[in-house]
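data16.txt (compact mmCIF, C-alpha atoms)
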```
# COMPACT_ATOMS: atom_id res chain seq x y z
CA MET J 1 102.57 77.37 120.63
CA TYR J 2 98.94 77.58 121.60
CA THR J 3 97.73 77.07 125.16
CA ALA J 4 94.39 78.28 126.39
CA THR J 5 91.67 77.51 128.87
CA GLN J 6 88.11 78.68 128.60
CA THR J 7 84.78 78.19 130.26
CA PRO J 8 83.05 75.33 128.37
CA GLY J 9 80.54 76.61 125.88
CA ASP J 10 81.98 80.14 125.81
CA SER J 11 82.99 80.63 122.18
CA ARG J 12 83.75 84.33 122.40
CA ARG J 13 87.05 86.08 122.92
CA PRO J 14 85.87 88.91 125.17
CA TRP J 15 88.98 91.00 124.65
CA LEU J 16 88.43 91.45 120.94
CA THR J 17 86.32 94.54 121.34
CA LEU J 18 88.63 95.80 124.07
CA ILE J 19 91.84 95.99 122.08
CA LEU J 20 91.02 95.55 118.42
CA VAL J 21 89.75 98.83 117.01
CA ALA J 22 89.75 97.55 113.40
CA ALA J 23 91.89 99.89 111.27
CA LEU J 24 95.23 98.16 110.73
CA ALA J 25 94.23 94.76 112.13
CA GLY J 26 90.80 94.04 110.66
CA CYS J 27 90.15 91.60 107.83
CA GLY J 28 86.94 89.99 106.61
CA GLY J 29 85.95 87.23 104.27
CA GLY J 30 84.49 83.80 103.92
CA GLY J 31 85.15 80.26 102.87
CA GLY J 32 84.00 77.92 100.17
CA SER J 33 82.11 74.73 99.46
CA ASP J 34 82.15 72.02 96.82
CA SER J 35 80.04 69.09 95.69
CA ASP J 36 81.21 66.16 93.59
CA THR J 37 79.89 63.05 91.97
CA ASN J 38 81.76 60.07 93.31
CA SER J 39 82.68 56.56 92.31
CA GLY J 40 85.07 53.95 93.60
CA GLY J 41 86.32 53.97 97.16
CA GLY J 42 88.77 52.75 99.75
CA THR J 43 89.53 52.60 103.46
CA GLY J 44 92.58 53.42 105.54
CA THR J 45 93.83 55.27 108.59
CA GLY J 46 95.04 58.80 109.01
CA GLY J 47 94.99 61.83 111.23
CA GLY J 48 97.30 64.51 112.49
CA THR J 49 98.10 66.63 115.46
CA GLY J 50 97.91 70.39 115.72
CA THR J 51 101.54 70.94 116.63
CA SER J 52 102.82 74.22 115.29
CA GLY J 53 105.88 73.95 113.04
CA SER J 54 106.75 73.92 109.36
CA SER J 55 103.97 73.68 106.81
CA THR J 56 102.64 70.20 106.03
CA LEU J 57 100.20 71.67 103.53
CA ARG J 58 102.97 72.74 101.14
CA GLY J 59 103.93 69.15 100.28
CA VAL J 60 100.43 67.88 99.48
CA SER J 61 100.14 66.37 95.99
CA LEU J 62 96.81 64.63 95.44
CA GLY J 63 96.36 61.43 93.50
CA SER J 64 93.91 58.54 93.15
CA GLY J 65 95.02 56.46 96.11
CA GLN J 66 94.30 55.74 99.74
CA SER J 67 97.64 57.19 100.83
CA SER J 68 96.69 60.48 99.17
CA ALA J 69 93.49 60.61 101.22
CA GLY J 70 95.42 59.96 104.42
CA GLN J 71 97.96 62.65 103.52
CA ALA J 72 95.16 65.17 102.98
CA VAL J 73 93.57 64.42 106.36
CA SER J 74 96.93 64.64 108.15
CA ALA J 75 97.75 67.96 106.47
CA ALA J 76 94.33 69.39 107.36
CA ASN J 77 94.63 68.52 111.05
CA SER J 78 98.26 69.64 111.31
CA THR J 79 97.41 72.99 109.72
CA VAL J 80 94.91 73.77 112.51
CA ALA J 81 97.82 74.85 114.74
CA HIS J 82 98.78 77.56 112.23
CA VAL J 83 95.19 78.80 112.04
CA LEU J 84 95.13 79.10 115.84
CA GLU J 85 98.43 80.97 115.89
CA ALA J 86 97.24 83.35 113.17
CA ASP J 87 94.00 83.93 115.07
CA ASN J 88 95.96 84.82 118.20
CA ALA J 89 98.15 87.20 116.21
CA SER J 90 95.11 88.94 114.74
CA ASN J 91 93.99 89.77 118.28
CA LEU J 92 97.20 91.53 119.26
CA PRO J 93 96.55 95.25 119.82
CA GLY J 94 98.94 96.60 117.21
CA GLY J 95 96.51 98.66 115.16
CA ALA J 96 94.63 99.74 118.25
CA GLN J 97 97.80 101.11 119.82
CA LEU J 98 98.70 103.01 116.67
CA LEU J 99 95.37 104.78 116.73
CA THR J 100 96.13 105.84 120.30
CA LEU J 101 99.48 107.39 119.50
CA PRO J 102 99.63 111.18 119.30
CA GLY J 103 99.83 112.76 115.85
CA GLY J 104 101.24 116.02 114.68
CA ALA J 105 104.87 116.79 114.08
CA THR J 106 106.19 114.42 116.76
CA TYR J 107 106.60 110.88 115.48
CA SER J 108 108.44 109.24 118.34
CA GLY J 109 107.76 108.96 122.02
CA THR J 110 106.42 106.83 124.83
CA LEU J 111 102.86 105.75 125.53
CA GLN J 112 102.18 104.88 129.18
CA CYS J 113 100.10 101.72 129.47
CA SER J 114 98.30 103.24 132.46
CA THR J 115 96.39 105.34 129.90
CA LEU J 116 94.93 102.20 128.31
CA GLY J 117 92.97 101.06 131.37
CA THR J 118 93.14 100.64 135.13
CA SER J 119 96.05 99.20 137.10
CA GLY J 120 98.32 99.97 134.18
CA SER J 121 102.09 99.86 134.21
CA GLY J 122 104.92 99.70 131.71
CA ASN J 123 104.92 101.51 128.41
CA VAL J 124 105.07 101.34 124.63
CA THR J 125 107.87 103.23 122.90
CA TYR J 126 107.30 104.10 119.26
CA SER J 127 108.77 105.88 116.27
CA LEU J 128 107.65 106.64 112.74
CA THR J 129 109.94 106.97 109.75
CA SER J 130 108.34 109.16 107.10
CA THR J 131 109.16 110.98 103.90
CA ASP J 132 107.81 114.13 102.29
CA GLY J 133 107.51 116.81 104.95
CA ALA J 134 104.29 118.17 103.49
CA THR J 135 102.30 114.92 103.66
CA ALA J 136 104.36 112.95 106.23
CA ARG J 137 103.92 109.90 104.03
CA PRO J 138 104.52 106.89 106.33
CA VAL J 139 107.34 104.46 105.61
CA ARG J 140 107.71 102.45 108.79
CA TRP J 141 106.39 102.25 112.34
CA ASP J 142 108.50 100.59 115.06
CA TYR J 143 107.33 100.03 118.57
CA ARG J 144 108.26 98.04 121.63
CA TYR J 145 106.04 96.78 124.43
CA ASN J 146 107.94 97.10 127.71
CA ASP J 147 106.09 94.92 130.24
CA CYS J 148 102.92 96.72 129.23
CA ARG J 149 100.08 95.77 131.60
CA TYR J 150 96.57 97.06 132.00
CA SER J 151 93.04 95.98 132.87
CA SER J 152 89.76 97.04 131.35
CA GLY J 153 86.25 95.61 131.34
CA GLY J 154 87.18 92.83 133.76
CA VAL J 155 90.11 91.51 131.72
CA SER J 156 93.87 91.91 132.11
CA LEU J 157 96.59 91.93 129.48
CA ARG J 158 100.39 91.86 129.67
CA MET J 159 102.71 92.24 126.65
CA ASN J 160 106.42 92.23 125.93
CA GLY J 161 108.22 92.39 122.62
CA THR J 162 108.48 94.31 119.39
CA MET J 163 106.45 95.04 116.31
CA SER J 164 107.44 96.76 113.07
CA MET J 165 105.07 97.92 110.35
CA SER J 166 106.57 98.71 106.94
CA TYR J 167 104.50 100.31 104.19
CA ASP J 168 105.21 98.43 100.96
CA ARG J 169 102.98 100.76 98.93
CA TRP J 170 101.28 104.06 99.72
CA THR J 171 98.85 105.78 97.39
CA ASP J 172 96.72 107.55 99.96
CA ALA J 173 95.12 106.92 103.35
CA SER J 174 92.56 104.55 101.78
CA ASN J 175 94.85 102.64 99.42
CA TYR J 176 98.13 101.13 100.57
CA ALA J 177 99.92 97.90 101.49
CA PHE J 178 102.02 97.01 104.51
CA THR J 179 103.88 94.17 106.21
CA THR J 180 103.87 93.82 109.98
CA THR J 181 106.51 91.75 111.76
CA TYR J 182 105.76 90.55 115.29
CA ASP J 183 107.83 89.16 118.13
CA ILE J 184 105.33 89.45 120.97
CA THR J 185 104.79 87.47 124.17
CA TYR J 186 101.49 88.09 125.92
CA ASP J 187 99.29 86.87 128.77
CA TYR J 188 95.57 87.45 128.94
CA SER J 189 93.05 86.55 131.64
CA GLY J 190 89.46 87.39 132.44
CA SER J 191 85.81 86.57 131.73
CA GLY J 192 86.36 82.82 131.91
CA TYR J 193 89.16 82.77 129.33
CA SER J 194 92.93 82.81 129.70
CA ASP J 195 95.59 82.73 127.02
CA SER J 196 99.39 82.70 127.11
CA ASP J 197 101.31 82.70 123.85
CA THR J 198 104.24 83.96 121.82
CA TYR J 199 103.84 85.03 118.22
CA SER J 200 106.89 85.47 116.03
CA GLY J 201 105.79 85.95 112.47
CA SER J 202 104.47 88.45 109.99
CA GLU J 203 101.29 89.77 108.44
CA THR J 204 100.85 91.21 104.95
CA CYS J 205 97.90 93.43 104.09
CA THR J 206 96.63 95.19 100.99
CA VAL J 207 94.11 97.96 101.53
CA THR J 208 91.92 99.07 98.65
CA ALA J 209 89.25 101.71 99.25
CA ASN J 210 89.53 100.97 102.99
CA SER J 211 88.87 97.25 102.38
CA PHE J 212 91.49 94.97 103.94
CA ASP J 213 92.95 91.74 102.52
CA CYS J 214 95.34 90.34 105.13
CA ALA J 215 97.28 87.12 105.61
CA TYR J 216 99.25 85.98 108.65
CA ASN J 217 102.38 84.01 107.78
CA VAL J 218 102.96 81.08 110.14
CA GLY J 219 105.43 78.28 109.48
CA GLY J 220 105.30 78.80 105.72
CA ASP J 221 101.49 78.97 105.61
CA ALA J 222 99.57 82.15 104.73
CA VAL J 223 96.37 82.23 106.82
CA ARG J 224 93.42 84.42 105.83
CA ASN J 225 90.03 85.07 107.42
CA ALA J 226 90.69 82.96 110.52
CA GLN J 227 87.66 82.47 112.74
CA VAL J 228 88.10 80.38 115.89
CA SER J 229 85.83 79.39 118.77
CA ASN J 230 86.88 77.37 121.81
CA SER J 231 85.22 74.95 124.21
CA GLY J 232 87.80 73.29 126.45
CA SER J 233 90.34 71.48 124.26
CA VAL J 234 88.00 71.60 121.25
CA VAL J 235 88.36 74.37 118.69
CA THR J 236 86.14 75.09 115.71
CA VAL J 237 87.97 76.84 112.89
CA SER J 238 87.14 78.44 109.56
CA ALA J 239 89.94 79.90 107.43
CA THR J 240 91.70 79.88 104.08
CA VAL J 241 95.31 78.69 104.17
CA THR J 242 97.76 78.69 101.24
CA SER J 243 101.30 77.35 100.94
CA GLY J 244 103.42 76.49 97.91
CA GLY J 245 100.51 76.56 95.48
CA VAL J 246 98.30 74.42 97.76
CA THR J 247 95.11 75.90 99.25
CA ALA J 248 92.99 74.57 102.13
CA VAL J 249 89.59 76.05 102.96
CA PHE J 250 88.36 75.15 106.46
CA SER J 251 84.65 75.39 107.17
CA ASN J 252 83.54 74.85 110.78
CA TRP J 253 86.25 72.21 111.29
CA ARG J 254 85.74 70.96 114.86
CA TYR J 255 89.09 69.72 116.13
CA ASP J 256 90.03 68.26 119.53
CA GLN J 257 93.58 69.29 120.42
CA SER J 258 93.84 66.55 123.06
CA THR J 259 93.12 63.69 120.64
CA GLY J 260 94.31 65.14 117.34
CA ARG J 261 90.96 64.32 115.74
CA ALA J 262 88.28 66.33 113.98
CA THR J 263 84.67 65.21 114.38
CA SER J 264 82.70 67.59 112.14
CA GLY J 265 83.12 70.20 109.44
CA THR J 266 84.85 70.16 106.08
CA VAL J 267 88.24 71.03 104.59
CA THR J 268 88.67 71.44 100.84
CA ILE J 269 92.29 71.07 99.69
CA THR J 270 93.34 72.01 96.14
CA ASP J 271 96.89 71.16 95.11
CA ALA J 272 99.18 73.02 92.71
CA ASN J 273 97.89 70.95 89.78
CA GLY J 274 94.23 71.71 90.43
CA ASN J 275 93.39 68.32 91.96
CA ARG J 276 90.99 68.51 94.87
CA ALA J 277 90.17 66.66 98.08
CA VAL J 278 86.99 67.40 100.03
CA ILE J 279 87.34 66.06 103.58
CA THR J 280 84.25 65.64 105.77
CA ALA J 281 84.83 64.78 109.43
CA SER J 282 82.45 62.73 111.58
CA ALA J 283 82.44 61.06 114.97
CA SER J 284 83.71 57.83 113.39
CA GLY J 285 86.38 59.16 111.00
CA TYR J 286 86.72 60.97 107.70
CA SER J 287 85.20 60.74 104.25
CA VAL J 288 87.55 62.03 101.54
CA VAL J 289 86.39 62.71 97.99
CA ILE J 290 89.39 63.14 95.69
CA THR J 291 88.87 64.60 92.22
CA TRP J 292 91.93 63.80 90.11
CA GLY J 293 92.39 63.42 86.38
CA GLY J 294 88.76 64.24 85.65
CA SER J 295 87.24 61.56 87.91
CA SER J 296 86.28 61.33 91.56
CA GLN J 297 86.74 58.63 94.18
CA THR J 298 85.60 58.41 97.79
CA TYR J 299 87.88 57.09 100.52
CA THR J 300 87.30 56.37 104.19
CA VAL J 301 90.06 57.40 106.59
CA ALA J 302 89.71 55.98 110.08
CA PHE J 303 90.99 57.67 113.21
CA SER J 304 94.63 56.79 113.83
```
Structure rendered as structure tokens:
Amino acid sequence: MYTATQTPGDSRRPWLTLILVAALAGCGGGGGSDSDTNSGGGTGTGGGTGTSGSSTLRGVSLGSGQSSAGQAVSAANSTVAHVLEADNASNLPGGAQLLTLPGGATYSGTLQCSTLGTSGSGNVTYSLTSTDGATARPVRWDYRYNDCRYSSGGVSLRMNGTMSMSYDRWTDASNYAFTTTYDITYDYSGSGYSDSDTYSGSETCTVTANSFDCAYNVGGDAVRNAQVSNSGSVVTVSATVTSGGVTAVFSNWRYDQSTGRATSGTVTITDANGNRAVITASASGYSVVITWGGSSQTYTVAFS
């Protein structure tokens, strides 16, 4: 589910700096690009809608045919919904709240949301399971948002639900791995942007020398490095998405949620056998270059 309204032209999420203090929620990275020599061709129709659900990327198997080009375009556009959901999840204040919790010998308690900003109400209850009394090595954090509301910097946030963070590996405070499971409903409003959403999913992160590699798991897709900007119903996304051995790299893919069409940007899809489709969107449709069996062909996929 992804519903949002925003002042046209405002591509920023103003609450990022308010509630995301890096630490356990920050990931960085980039995308990719390809160039091919092309021969042959074809035309057809294709598309897709950004309705969140099970992965359509997982079933992609590229071949030298028009239907393969249409399948690639449909999978790319359908996967946008999962990128949006992962982007929303990355903005939830999980890591920020953990940094706010008191340390010391007490590893359970209640954090009043009134301490997070003005007009605050509700609370966050939390507990930490740990081993080794000398080092208090973390095993698992659990916490619940109980109608937690607060305002800060002209924006307001309300949250309900649970989040659990399990440490899959712990070497030291700079090298570890964890999985976070979310079931959070939230409402945000302020600065020309409003957002209402529910995220039920998980995030896996590996931290090496304080460098994060994180993926949000949505509908069978693992989404990394999601970057999203909004202008009305149009979103521009960059991300890397993997599912069942298939990888899609989005680069400035400009997608209109109201029409189910992309009008600029590229998506490079590589299937489990190493075959590749480079999709370029335009105002009139899509150009798809499929490299399969050592040769490349270009197909035109019209808007459906």
Worksheet item: Looking at J:Val288, J:Val155, J:Cys148, J:Cys113, which one is nearest to Ile184 in chain J, with distances taken over all atoms listed in the file?
Response: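 Among J:Val288, J:Val155, J:Cys148, J:Cys113, it is J:Cys148 that comes nearest to Ile184 in chain J.
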Discussion item. So the first atom is CA of Ser108 in chain J and the second is CA of Leu128 in chain J; what is the distance between them in Å, to one decimal place?
Written reply: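 Going from CA of Ser108 in chain J over to CA of Leu128 in chain J, I get 6.2 Å.
In this model, the gap between CA of Ser211 in chain J and CA of Asn175 in chain J comes to 8.6 Å.
Between Gly244 in chain J and the candidates J:Ser67, J:Ser78, J:Thr270, J:Ser152, the tightest atom-to-atom separation, counting all atoms listed in the file, involves J:Thr270.
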Item to complete: For CA of Phe250 in chain J and CA of Thr266 in chain J, determine how far apart the two atoms are, in Å to one decimal place.
Response: 6.1 Å
So which residues touch Ala215 in chain J within 9 Å, counting only C-alpha atoms, skipping near sequence neighbours fewer than 2 positions away, as a PDB file with C-alpha atoms, in the frame of the given file?
```
ATOM      1  CA  CYS J  27      90.150  91.600 107.830  1.00  0.00           C
ATOM      2  CA  ALA J  86      97.240  83.350 113.170  1.00  0.00           C
ATOM      3  CA  SER J 202     104.470  88.450 109.990  1.00  0.00           C
ATOM      4  CA  GLU J 203     101.290  89.770 108.440  1.00  0.00           C
ATOM      5  CA  THR J 204     100.850  91.210 104.950  1.00  0.00           C
ATOM      6  CA  CYS J 205      97.900  93.430 104.090  1.00  0.00           C
ATOM      7  CA  ASP J 213      92.950  91.740 102.520  1.00  0.00           C
ATOM      8  CA  ASN J 217     102.380  84.010 107.780  1.00  0.00           C
ATOM      9  CA  ALA J 222      99.570  82.150 104.730  1.00  0.00           C
ATOM     10  CA  VAL J 223      96.370  82.230 106.820  1.00  0.00           C
ATOM     11  CA  ARG J 224      93.420  84.420 105.830  1.00  0.00           C
ATOM     12  CA  ASN J 225      90.030  85.070 107.420  1.00  0.00           C
ATOM     13  CA  VAL J 241      95.310  78.690 104.170  1.00  0.00           C
TER      14      VAL J 241
END
```
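For the choices J:Leu57, J:Ile279, J:Ala226, J:Val73, the atom-to-atom distance to Gly260 in chain J is smallest for J:Val73 when using only C-alpha atoms.
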Worksheet entry | Shell around Val234 in chain J at 10 Å using all atoms listed in the file, local window under 6 positions removed, as a list of chain:residue names | J:Pro8, J:Arg254, J:Tyr255, J:Asp256, J:Gln257, J:Ser258, J:Thr259, J:Gly260, J:Arg261, J:Ala262, J:Thr263
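Compared by their closest atoms to Tyr299 in chain J, and using all atoms listed in the file, the residues J:Ala277, J:Ser282, J:Tyr186, J:Val207 rank with J:Ala277 nearest.
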Practice prompt. Considering all atoms listed in the file, return as a ChimeraX atom specification whatever protein or nucleic-acid residues lie within 8 Å of Tyr145 in chain J, sequence-local ones (same chain, fewer than 6 positions apart) excluded.
Written response: /J:122-125,159-162
Discussion item. Here's a test: counting only C-alpha atoms, identify every protein, DNA and RNA residue with an atom at most 7 Å from (102.5, 95.7, 111.4) in the file's coordinate frame, and state them as a list in words.
Written reply: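 The requested residues, written out, are Gly94, Met163, Ser164, Met165, Ser166, Thr179, Thr180, Thr181 and Glu203 of chain J.
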